file input37.txt (compact mmCIF, C-alpha atoms)
# COMPACT_ATOMS: atom_id res chain seq x y z
CA MET E 5 86.45 185.74 94.75
CA ALA E 6 86.05 183.19 97.46
CA ASP E 7 89.23 181.19 96.76
CA THR E 8 91.56 184.16 96.49
CA PRO E 9 93.55 184.96 99.64
CA PRO E 10 93.99 188.70 100.33
CA GLY E 11 97.71 188.50 99.56
CA LEU E 12 97.02 187.18 96.08
CA VAL E 13 94.43 189.90 95.45
CA LEU E 14 97.15 192.43 96.24
CA PHE E 15 99.57 190.51 94.00
CA ASP E 16 96.99 190.71 91.18
CA ARG E 17 96.98 194.50 91.41
CA LEU E 18 100.71 195.09 91.67
CA GLY E 19 101.37 195.32 87.97
CA PRO E 20 101.14 193.67 84.58
CA PRO E 21 101.82 189.92 84.60
CA ALA E 22 104.73 188.35 82.77
CA ALA E 23 103.88 187.42 79.18
CA ARG E 24 103.23 183.71 78.98
CA PHE E 25 101.53 182.06 76.02
CA ASP E 26 98.94 179.59 77.27
CA GLU E 27 97.85 176.96 74.75
CA LEU E 28 94.74 176.07 76.74
CA ILE E 29 93.46 179.64 76.99
CA HIS E 30 94.29 180.43 73.36
CA GLY E 31 91.31 178.46 71.96
CA PRO E 32 88.92 181.18 70.64
CA ASN E 33 85.99 180.29 72.90
CA ARG E 34 88.19 179.81 75.96
CA LEU E 35 89.95 183.13 75.40
CA GLN E 36 86.57 184.85 75.14
CA ILE E 37 85.30 183.11 78.27
CA CYS E 38 88.35 184.29 80.22
CA ALA E 39 87.98 187.84 78.82
CA VAL E 40 84.38 188.05 80.06
CA LEU E 41 85.22 186.57 83.44
CA ASP E 42 88.28 188.79 83.96
CA ALA E 43 86.02 191.84 83.81
CA GLY E 44 83.90 190.77 86.76
CA GLU E 45 83.82 188.53 89.78
CA GLU E 46 81.31 185.87 88.79
CA VAL E 47 79.05 185.44 85.81
CA GLU E 48 76.03 183.26 85.33
CA PHE E 49 76.24 180.44 82.79
CA SER E 50 73.40 181.79 80.63
CA LEU E 51 75.10 185.19 80.28
CA LEU E 52 78.22 183.52 78.92
CA GLU E 53 76.07 181.49 76.56
CA GLU E 54 74.38 184.61 75.16
CA ALA E 55 77.54 186.71 75.01
CA LEU E 56 79.54 184.05 73.15
CA GLY E 57 76.64 182.82 71.03
CA ILE E 58 77.59 179.16 71.41
CA SER E 59 75.62 176.07 72.37
CA THR E 60 75.15 174.90 75.94
CA SER E 61 77.08 171.71 75.34
CA LEU E 62 80.03 173.47 73.70
CA LEU E 63 80.19 176.04 76.50
CA SER E 64 80.01 173.30 79.14
CA LYS E 65 82.87 171.46 77.46
CA GLN E 66 85.08 174.56 77.30
CA LEU E 67 84.31 175.47 80.91
CA ARG E 68 85.14 171.95 82.05
CA LEU E 69 88.54 172.11 80.30
CA LEU E 70 89.38 175.39 82.03
CA ALA E 71 88.07 174.16 85.38
CA ASP E 72 90.13 170.96 85.14
CA ALA E 73 93.23 173.11 84.67
CA GLY E 74 92.37 175.01 87.87
CA TYR E 75 91.53 178.22 85.99
CA LEU E 76 87.82 178.35 86.82
CA THR E 77 85.36 177.70 89.59
CA ILE E 78 81.94 176.39 88.56
CA GLU E 79 79.30 176.38 91.22
CA LYS E 80 75.61 175.54 91.06
CA ARG E 81 73.65 177.50 93.66
CA ARG E 82 70.08 177.25 94.76
CA GLN E 83 67.81 180.28 94.68
CA ALA E 84 64.96 181.22 96.97
CA ALA E 85 62.65 180.66 94.00
CA GLY E 86 63.17 179.06 90.63
CA ARG E 87 65.78 176.69 89.32
CA PRO E 88 69.34 176.57 90.64
CA ARG E 89 71.75 178.74 88.66
CA THR E 90 75.33 177.98 87.69
CA TRP E 91 77.95 180.63 88.47
CA VAL E 92 81.38 180.71 86.89
CA GLY E 93 84.42 182.66 88.08
CA LEU E 94 88.15 182.84 87.39
CA THR E 95 90.50 181.53 90.06
CA SER E 96 93.58 183.61 90.87
CA ALA E 97 95.66 181.16 88.81
CA GLY E 98 93.23 181.55 85.90
CA ARG E 99 93.35 185.32 86.11
CA ARG E 100 97.15 185.33 86.09
CA ALA E 101 97.25 182.87 83.19
CA TYR E 102 94.74 184.90 81.16
CA ARG E 103 96.55 188.20 81.73
CA GLY E 104 99.88 186.58 80.97
CA HIS E 105 98.42 185.20 77.75
CA VAL E 106 97.07 188.61 76.73
CA ALA E 107 100.52 190.09 77.43
CA ALA E 108 102.08 187.39 75.24
CA LEU E 109 99.65 188.20 72.39
CA ARG E 110 100.52 191.88 72.70
CA ALA E 111 104.24 191.01 72.60
CA ILE E 112 103.63 189.05 69.39
CA ILE E 113 101.79 192.02 67.86
CA ASP E 114 104.56 194.43 68.89
CA ALA E 115 107.26 192.15 67.51
CA ASP E 116 105.51 191.68 64.14
CA PRO E 117 106.71 194.27 61.60
CA GLY E 118 103.74 193.60 59.30
CA PRO E 119 100.73 195.93 58.88
CA ARG E 120 98.26 195.94 61.75
CA PRO E 121 94.57 195.45 61.02
CA ARG E 122 93.57 198.13 63.60
CA MET S 27 106.27 177.87 76.60
CA VAL S 28 108.03 181.16 77.22
CA ASP S 29 110.32 182.48 79.87
CA GLU S 30 108.15 184.43 82.34
CA ASP S 31 110.96 186.89 83.05
CA ASP S 32 111.43 187.86 79.43
CA PRO S 33 108.22 188.88 77.63
CA THR S 34 110.09 189.46 74.38
CA ARG S 35 110.69 185.71 74.08
CA ALA S 36 106.95 185.07 73.64
CA ARG S 37 107.26 185.44 69.85
CA ALA S 38 110.21 183.09 69.61
CA THR S 39 109.04 180.32 71.92
CA GLY S 40 105.25 180.55 71.57
CA PRO S 41 103.30 179.10 68.64
CA THR S 42 104.01 180.61 65.27
CA LEU S 43 101.31 183.24 65.35
CA SER S 44 101.50 186.32 63.17
CA GLY S 45 100.78 189.73 64.59
CA ALA S 46 97.50 189.80 62.65
CA GLU S 47 96.42 186.48 64.17
CA ALA S 48 97.29 187.67 67.65
CA GLN S 49 95.38 190.88 67.01
CA ALA S 50 92.37 188.89 65.78
CA ALA S 51 92.42 186.83 68.98
CA LEU S 52 92.46 189.99 71.11
CA ASP S 53 89.67 191.51 69.02
CA GLY S 54 87.57 188.38 69.59
CA ALA S 55 88.12 188.70 73.34
CA ARG S 56 87.14 192.36 73.24
CA ASP S 57 83.98 191.60 71.24
CA ALA S 58 82.98 188.95 73.79
CA ARG S 59 83.40 191.47 76.62
CA LEU S 60 81.30 194.02 74.71
CA ALA S 61 78.60 191.41 74.07
CA ALA S 62 78.55 190.43 77.75
CA ALA S 63 78.30 194.08 78.76
CA THR S 64 75.24 194.64 76.58
CA VAL S 65 73.41 191.36 77.25
CA GLU S 66 72.03 192.66 80.53
CA ARG S 67 69.69 195.56 79.93
CA PHE S 68 67.87 197.54 82.60
CA PRO S 69 64.96 199.51 81.09
CA LEU S 70 64.75 203.26 81.75
CA TRP S 71 61.10 203.07 82.83
CA GLN S 72 62.02 200.78 85.72
CA ASP S 73 64.65 203.17 87.06
CA ALA S 74 62.38 206.19 86.42
CA LEU S 75 59.59 204.55 88.43
CA LEU S 76 61.92 203.94 91.38
CA ALA S 77 63.17 207.55 91.15
CA LEU S 78 59.58 208.87 91.05
CA VAL S 79 58.63 206.92 94.19
CA THR S 80 61.79 208.11 95.96
CA GLY S 81 61.08 211.74 95.02
CA GLY S 82 57.47 211.48 96.17
CA ALA S 83 58.54 209.99 99.49
CA VAL S 84 61.13 212.74 100.07
CA ALA S 85 58.57 215.46 99.27
CA ALA S 86 56.06 213.89 101.65
CA ALA S 87 58.65 213.63 104.42
CA ALA S 88 59.62 217.29 103.97
CA LEU S 89 56.04 218.32 104.78
CA GLU S 90 56.89 217.78 108.47
CA VAL S 91 54.32 215.10 109.08
CA TRP S 92 55.53 212.22 111.23
CA TRP S 93 53.78 209.55 109.19
CA ALA S 94 55.36 210.94 106.04
CA ALA S 95 58.83 210.57 107.57
CA VAL S 96 57.99 206.98 108.55
CA ALA S 97 56.64 206.42 105.05
CA LEU S 98 59.91 207.74 103.56
CA ALA S 99 61.96 205.33 105.64
CA ALA S 100 59.63 202.45 104.72
CA VAL S 101 59.69 203.31 101.02
CA LEU S 102 63.49 203.55 101.00
CA VAL S 103 63.77 200.17 102.74
CA VAL S 104 61.28 198.61 100.31
CA LEU S 105 63.17 200.11 97.34
CA ALA S 106 66.49 198.76 98.63
CA LEU S 107 64.93 195.30 99.12
CA LEU S 108 63.26 195.45 95.70
CA GLU S 109 66.49 196.41 93.98
CA GLY S 110 68.37 193.66 95.83
CA SER S 111 65.71 191.13 94.90
CA LEU S 112 65.74 192.18 91.23
CA GLN S 113 69.52 191.87 91.17
CA ARG S 114 69.40 188.40 92.71
CA ARG S 115 66.61 187.14 90.47
CA ARG S 116 67.58 188.80 87.20
CA GLY S 117 71.21 189.80 87.71
CA ARG S 118 73.66 187.48 86.05
CA ARG S 119 76.89 189.04 87.13
CA ARG S 120 78.46 189.64 90.51
CA GLY S 121 81.19 192.00 91.57
CA GLY S 122 81.53 195.67 92.45
CA GLU S 123 78.70 195.58 94.97
CA TRP S 124 80.55 197.58 97.60
CA GLN S 125 80.90 200.62 95.33
CA ARG S 126 77.20 200.46 94.60
CA PHE S 127 76.32 200.26 98.28
CA ALA S 128 78.67 203.17 99.03
CA GLY S 129 76.97 205.19 96.28
CA ILE S 130 73.50 204.37 97.59
CA PHE S 131 74.61 205.31 101.11
CA VAL S 132 75.86 208.72 99.90
CA LEU S 133 72.63 209.17 97.95
CA LEU S 134 70.53 208.48 101.04
CA VAL S 135 72.57 210.97 103.08
CA VAL S 136 72.09 213.63 100.38
CA LEU S 137 68.34 212.94 100.27
CA ASN S 138 68.03 213.17 104.04
CA VAL S 139 69.98 216.44 104.24
CA GLY S 140 67.87 217.82 101.38
CA THR S 141 64.69 216.86 103.21
CA TRP S 142 65.93 218.48 106.41
CA LEU S 143 66.81 221.72 104.57
CA ALA S 144 63.46 221.78 102.77
CA ARG S 145 61.60 221.73 106.08
CA GLY S 146 62.96 225.17 106.96
CA GLY S 147 62.20 226.71 103.56
CA PRO S 148 59.13 228.19 101.84
CA ASP S 149 55.97 226.19 101.00
CA TRP S 150 57.24 224.96 97.65
CA ALA S 151 60.55 223.72 99.09
CA PRO S 152 59.30 220.17 99.93
CA TRP S 153 58.15 219.65 96.34
CA LEU S 154 61.40 221.00 94.99
CA ALA S 155 63.24 218.60 97.34
CA GLY S 156 61.12 215.77 95.91
CA VAL S 157 61.93 216.70 92.32
CA VAL S 158 65.64 217.04 93.13
CA ALA S 159 65.60 213.68 94.94
CA ALA S 160 63.93 211.98 91.97
CA VAL S 161 66.36 213.49 89.48
CA VAL S 162 69.43 212.73 91.63
CA SER S 163 68.40 209.11 92.19
CA LEU S 164 67.60 208.56 88.50
CA VAL S 165 70.90 210.11 87.39
CA PHE S 166 72.83 208.06 89.95
CA VAL S 167 71.23 204.73 89.01
CA ARG S 168 71.66 205.29 85.25
CA TRP S 169 75.24 206.50 85.72
CA ASP S 170 76.03 203.44 87.84
CA ARG S 171 74.63 201.05 85.24
CA ALA S 172 76.50 202.83 82.41
CA ALA S 173 79.74 202.81 84.45
CA GLN S 174 79.37 199.05 84.95
CA ARG S 175 78.87 198.51 81.21
CA ARG S 176 81.91 200.66 80.35
CA ALA S 177 84.10 198.87 82.91
CA LEU S 178 83.07 195.49 81.50
CA ALA S 179 83.59 196.58 77.91
CA ARG S 180 87.13 197.76 78.52
CA GLY S 181 87.97 194.75 80.66
CA GLY S 182 88.36 196.61 83.94
CA ARG S 183 87.10 195.23 87.22
CA ARG S 184 84.69 196.79 89.64
CA GLY S 185 85.05 195.27 93.07

call {"tool": "encode", "arguments": {"input": "input37.txt", "output": "structure tokens"}}
result
Amino acid sequence: MADTPPGLVLFDRLGPPAARFDELIHGPNRLQICAVLDAGEEVEFSLLEEALGISTSLLSKQLRLLADAGYLTIEKRRQAAGRPRTWVGLTSAGRRAYRGHVAALRAIIDADPGPRPR
Amino acid sequence: MVDEDDPTRARATGPTLSGAEAQAALDGARDARLAAATVERFPLWQDALLALVTGGAVAAAALEVWWAAVALAAVLVVLALLEGSLQRRRGRRRGGEWQRFAGIFVLLVVLNVGTWLARGGPDWAPWLAGVVAAVVSLVFVRWDRAAQRRALARGGRRG
């Protein structure tokens, strides 16, 4: 990722992040967006649209919210041929926040004595 | 918000989510990853065609004809450019390129050594080298695509 200094990349790989519930990420679409982006470096807008099965306008709105919080980079790039394509990627802050949120969800599941669905 | 140093406080200080709700949220995230991993499909015939051309070029080069060796180099360069172009035009995900390039590099070394060995063998050796090259390249490309899908589905990163 272009905005991630080498030291932070190393920090990312040192171990599991501290559990931290993030209200912004917890929205269903935003959590799914972060999950897809955490698995790769950058993803094209249309892939997110297809994977999540949501409208262009709704996806744009969710991406803008995450980008405004500094969790995402959104970049429109020209191609040699065809229309420009929009690429989306997690920033290092976004990756930490997402992983911390997942850890918080797991802590909630572990702390709940009730029956688990899976 | 919760104390970052104490993960166990997430339940107490986060929103009042039940374990089932938290599990449902994680399941939704997993389903989105799975969907993203299967959105991009690369048909078998496309990879088989590339493997066939590679195998043919290796067999031709093993016949010890200078133009065949030049043709092999040209075909491999064209294939690499074609694959790169397809990825740029149709690919919708970036990351993990260096592993792929390392794999392709190893593949090319194996093909070249195979070609060199086939030159010193019996008459059928060049054709066998071609078949082996085609099979190896097809297996490698399909394995690489499947490995990418698996990594995406489980949430791991390549690159």

call {"tool": "interface_residues", "arguments": {"input": "input37.txt", "of": "chain E", "to": "chain S", "cutoff": "8 Å", "atoms": "only C-alpha atoms", "output": "PyMOL selection string"}}
result
chain E and resi 22-26+30+32+35-37+39-40+42-48+50-52+54-56+106-116+118-121

call {"tool": "closest_residue", "arguments": {"input": "input37.txt", "among": "E:Arg99, E:Arg89, E:Arg34, E:His105", "to": "Leu62 of chain E", "atoms": "only C-alpha atoms"}}
result
E:Arg34

call {"tool": "axis_aligned_box", "arguments": {"input": "input37.txt", "around": "segment 109-115 of chain E", "padding_each_side": "5 Å", "output": "AutoDock Vina command-line options"}}
result
--center_x 103.5 --center_y 191.3 --center_z 70.1 --size_x 17.6 --size_y 16.2 --size_z 15.2

call {"tool": "atom_distance", "arguments": {"input": "input37.txt", "atom1": "atom CA of Leu89 of chain S", "atom2": "atom CA of Trp153 of chain S"}}
result
8.8 Å

call {"tool": "atom_distance", "arguments": {"input": "input37.txt", "atom1": "atom CA of Thr77 of chain E", "atom2": "atom CA of Thr95 of chain E"}}
result
6.4 Å

call {"tool": "closest_residue", "arguments": {"input": "input37.txt", "among": "E:Pro117, E:Leu70, E:Lys80, E:Thr60", "to": "Ile29 of chain E", "atoms": "all atoms listed in the file"}}
result
E:Leu70

call {"tool": "atom_distance", "arguments": {"input": "input37.txt", "atom1": "atom CA of Leu164 of chain S", "atom2": "atom CA of Asp73 of chain S"}}
result
6.3 Å

call {"tool": "closest_residue", "arguments": {"input": "input37.txt", "among": "E:Glu53, E:Gly74, E:Leu67, E:Arg81", "to": "Arg100 of chain E", "atoms": "all atoms listed in the file"}}
result
E:Gly74

call {"tool": "residues_around", "arguments": {"input": "input37.txt", "residues": "Leu78 of chain S", "least_positions_apart": "5", "cutoff": "12 Å", "atoms": "all atoms listed in the file", "output": "list in words"}}
result
Trp71, Gln72, Asp73, Ala83, Val84, Ala85, Val101, Leu102, Leu105, Gly156, Val157, Val158, Ala159, Ala160, Val161, Val162, Ser163, Leu164 and Val165 of chain S

call {"tool": "closest_residue", "arguments": {"input": "input37.txt", "among": "S:Val167, S:Leu143, S:Leu70, S:Leu107", "to": "Ala87 of chain S", "atoms": "all atoms listed in the file"}}
result
S:Leu143
